[in-house]
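Structure file input_16.txt; described as compact mmCIF, C-alpha atoms.
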# COMPACT_ATOMS: atom_id res chain seq x y z
CA MET D 1 -72.46 53.07 32.08
CA ASN D 2 -71.48 53.29 28.51
CA SER D 3 -68.22 54.81 29.49
CA GLY D 4 -67.64 52.03 32.04
CA VAL D 5 -68.44 49.31 29.49
CA SER D 6 -66.11 50.97 27.03
CA LYS D 7 -63.34 50.97 29.64
CA LEU D 8 -64.16 47.37 30.53
CA SER D 9 -64.00 46.39 26.85
CA SER D 10 -60.70 48.20 26.43
CA GLY D 11 -59.35 46.58 29.62
CA ALA D 12 -60.48 43.15 28.39
CA LYS D 13 -58.60 43.68 25.10
CA THR D 14 -55.49 44.72 27.02
CA LEU D 15 -55.96 41.69 29.27
CA ASP D 16 -56.33 39.42 26.21
CA SER D 17 -53.20 40.90 24.64
CA GLY D 18 -51.32 40.48 27.93
CA LEU D 19 -52.52 36.88 28.24
CA GLY D 20 -51.24 36.22 24.69
CA GLN D 21 -47.86 37.65 25.66
CA LEU D 22 -47.92 35.62 28.87
CA ASP D 23 -48.68 32.46 26.85
CA SER D 24 -45.85 33.22 24.41
CA GLY D 25 -43.46 34.02 27.29
CA SER D 26 -44.51 30.81 29.07
CA LYS D 27 -43.62 28.79 25.95
CA GLN D 28 -40.24 30.55 25.76
CA LEU D 29 -39.72 29.91 29.47
CA LYS D 30 -40.61 26.22 28.97
CA ASP D 31 -38.23 25.92 25.98
CA GLY D 32 -35.46 27.75 27.86
CA THR D 33 -35.94 25.52 30.90
CA ALA D 34 -35.68 22.43 28.66
CA THR D 35 -32.49 23.82 27.12
CA ILE D 36 -31.04 24.53 30.57
CA TYR D 37 -31.99 21.02 31.72
CA SER D 38 -30.35 19.29 28.70
CA SER D 39 -27.28 21.52 29.13
CA LEU D 40 -27.05 20.51 32.79
CA VAL D 41 -27.28 16.83 31.77
CA GLU D 42 -24.44 17.38 29.24
CA LEU D 43 -22.44 19.23 31.90
CA ALA D 44 -22.89 16.32 34.33
CA GLN D 45 -21.80 13.83 31.65
CA GLY D 46 -18.83 16.02 30.72
CA THR D 47 -17.83 16.30 34.38
CA THR D 48 -17.94 12.50 34.68
CA THR D 49 -15.83 12.14 31.52
CA LEU D 50 -13.39 14.75 32.80
CA SER D 51 -13.09 12.95 36.13
CA SER D 52 -12.45 9.62 34.39
CA GLY D 53 -9.92 11.24 32.03
CA SER D 54 -8.14 12.84 34.97
CA ALA D 55 -7.79 9.43 36.62
CA GLU D 56 -6.39 7.98 33.39
CA LEU D 57 -3.99 10.91 33.06
CA PHE D 58 -2.77 10.40 36.63
CA SER D 59 -2.25 6.68 35.93
CA GLY D 60 -0.43 7.51 32.68
CA ILE D 61 1.88 9.90 34.51
CA GLY D 62 2.84 7.05 36.86
CA GLN D 63 3.51 4.77 33.90
CA LEU D 64 5.56 7.50 32.24
CA LYS D 65 7.64 7.86 35.40
CA ASP D 66 8.23 4.09 35.54
CA GLY D 67 9.05 4.03 31.83
CA GLY D 68 11.56 6.83 32.32
CA SER D 69 13.36 4.75 34.95
CA GLN D 70 13.37 1.73 32.64
CA LEU D 71 14.69 3.86 29.79
CA SER D 72 17.47 5.18 32.02
CA ASP D 73 18.41 1.62 33.05
CA GLY D 74 18.38 0.54 29.41
CA VAL D 75 20.66 3.41 28.38
CA LYS D 76 23.12 2.43 31.12
CA LYS D 77 23.11 -1.19 29.89
CA LEU D 78 23.56 0.02 26.31
CA GLU D 79 26.52 2.15 27.36
CA SER D 80 28.11 -0.80 29.18
CA GLY D 81 27.46 -3.11 26.22
CA ALA D 82 28.93 -0.60 23.79
CA LYS D 83 32.10 -0.39 25.91
CA THR D 84 32.32 -4.21 26.02
CA LEU D 85 31.83 -4.34 22.23
CA LYS D 86 34.53 -1.68 21.71
CA ASP D 87 36.98 -3.59 23.91
CA GLY D 88 36.13 -6.86 22.16
CA MET D 89 36.60 -5.31 18.73
CA ALA D 90 39.98 -3.89 19.79
CA LYS D 91 41.03 -7.35 21.06
CA TYR D 92 39.76 -8.95 17.84
CA LYS D 93 41.76 -6.46 15.80
CA ASP D 94 44.93 -6.99 17.82
CA GLU D 95 44.74 -10.74 18.37
CA GLY D 96 42.77 -11.86 15.31
CA ILE D 97 42.96 -9.61 12.29
CA GLY D 98 46.31 -8.12 13.36
CA LYS D 99 47.96 -11.56 13.55
CA LEU D 100 46.49 -12.58 10.19
CA LEU D 101 47.73 -9.34 8.64
CA ASP D 102 51.20 -9.92 10.11
CA ILE D 103 51.28 -13.46 8.71
CA TYR D 104 50.17 -12.17 5.31
CA ASN D 105 52.66 -9.28 5.23
CA ASN D 106 55.60 -11.20 6.71
CA ASP D 107 55.13 -14.68 5.25
CA LEU D 108 52.41 -15.12 2.65
CA LYS D 109 52.92 -11.96 0.63
CA GLY D 110 56.57 -12.84 -0.04
CA LEU D 111 55.66 -16.45 -0.81
CA ILE D 112 52.89 -15.31 -3.19
CA ASP D 113 55.33 -12.94 -4.92
CA ARG D 114 57.90 -15.78 -5.31
CA LEU D 115 55.23 -18.18 -6.61
CA ASP D 116 54.00 -15.58 -9.12
CA ALA D 117 57.57 -15.07 -10.32
CA LEU D 118 58.08 -18.84 -10.57
CA LYS D 119 54.80 -19.22 -12.49
CA THR D 120 55.84 -16.49 -14.93
CA ALA D 121 59.24 -18.16 -15.38
CA ALA D 122 57.56 -21.52 -15.92
CA GLU D 123 55.20 -20.08 -18.54
CA ASP D 124 58.14 -18.55 -20.39
CA SER D 125 60.21 -21.76 -20.21
CA THR D 126 59.49 -24.67 -22.49
CA THR D 127 62.70 -26.61 -21.92
CA PHE D 128 65.18 -27.05 -19.11
CA SER D 129 68.13 -28.29 -21.16
CA GLY D 130 67.08 -27.55 -24.73
CA ALA D 131 64.85 -29.29 -27.25
CA ALA D 132 65.32 -30.47 -30.78
CA ASP D 133 63.76 -28.45 -33.58
CA GLY D 134 60.09 -29.28 -34.15
CA VAL D 135 59.65 -30.97 -30.76
CA GLU D 136 57.22 -29.43 -28.30
CA SER D 137 58.39 -29.54 -24.75
CA SER D 138 57.33 -28.22 -21.38
CA VAL D 139 58.90 -27.74 -18.01
CA LYS D 140 57.36 -28.21 -14.59
CA TYR D 141 58.98 -26.72 -11.53
CA ILE D 142 58.48 -28.11 -8.06
CA TYR D 143 59.00 -25.65 -5.27
CA GLU D 144 59.58 -26.88 -1.76
CA THR D 145 58.89 -24.68 1.26
CA ALA D 146 59.09 -25.11 4.98
CA ALA D 147 56.09 -26.72 6.63
CA ILE D 148 53.25 -24.44 7.67
CA GLU D 149 52.68 -24.89 11.37
CA LYS D 150 49.87 -23.81 13.61
CA ALA D 151 50.91 -20.83 15.71
CA ASP D 152 50.86 -21.25 19.47
CA GLU D 153 47.90 -19.60 21.11
Let's see the structure in the file written out as structure tokens.
Amino acid sequence: MNSGVSKLSSGAKTLDSGLGQLDSGSKQLKDGTATIYSSLVELAQGTTTLSSGSAELFSGIGQLKDGGSQLSDGVKKLESGAKTLKDGMAKYKDEGIGKLLDIYNNDLKGLIDRLDALKTAAEDSTTFSGAADGVESSVKYIYETAAIEKADE
């Protein structure tokens, strides 16, 4: 009987040790299950966020497509406007600035040169017919030109 009690005591110790391991393993299993559960909750939330983001991305792709069409239309209008501007600037050069430059080169430049020469001559002249000694005199010249008329349009 002694031998049986000794085996029973030894078996009880082994059982106690095994129950301690079972308790420890149960706690680990509980903690692991809680971790798995919270991870599954995060996964569900992430899946919902991903689904929502995918819908936004799809919508954004549609907007991008529409924006690309608008950009293309705008570039065509810009090209047309640039051509119109170029043609208008060429017309302005030919009919506006060109005519003014012709008037300056053909009419005004010569007149300005003659007036400068006349002014220089007037500054150098103090008398037209001579002056007595000690008398200060001056001369004024009047220059008559043809009338300036408005050019026909």
For CA of Asp113 (chain D) and CA of Thr145 (chain D), the interatomic separation in Å (one decimal): 13.7 Å
One-decimal distance in Å that lies between CA of Leu108 (chain D) and CA of Lys91 (chain D):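 Separation between CA of Lys91 (chain D) and CA of Leu108 (chain D): 23.0 Å.
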Atomic separation - CA of Ser3 (chain D) relative to CA of Leu22 (chain D), Å: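 Computed distance, CA of Leu22 (chain D) to CA of Ser3 (chain D), equals 27.9 Å.
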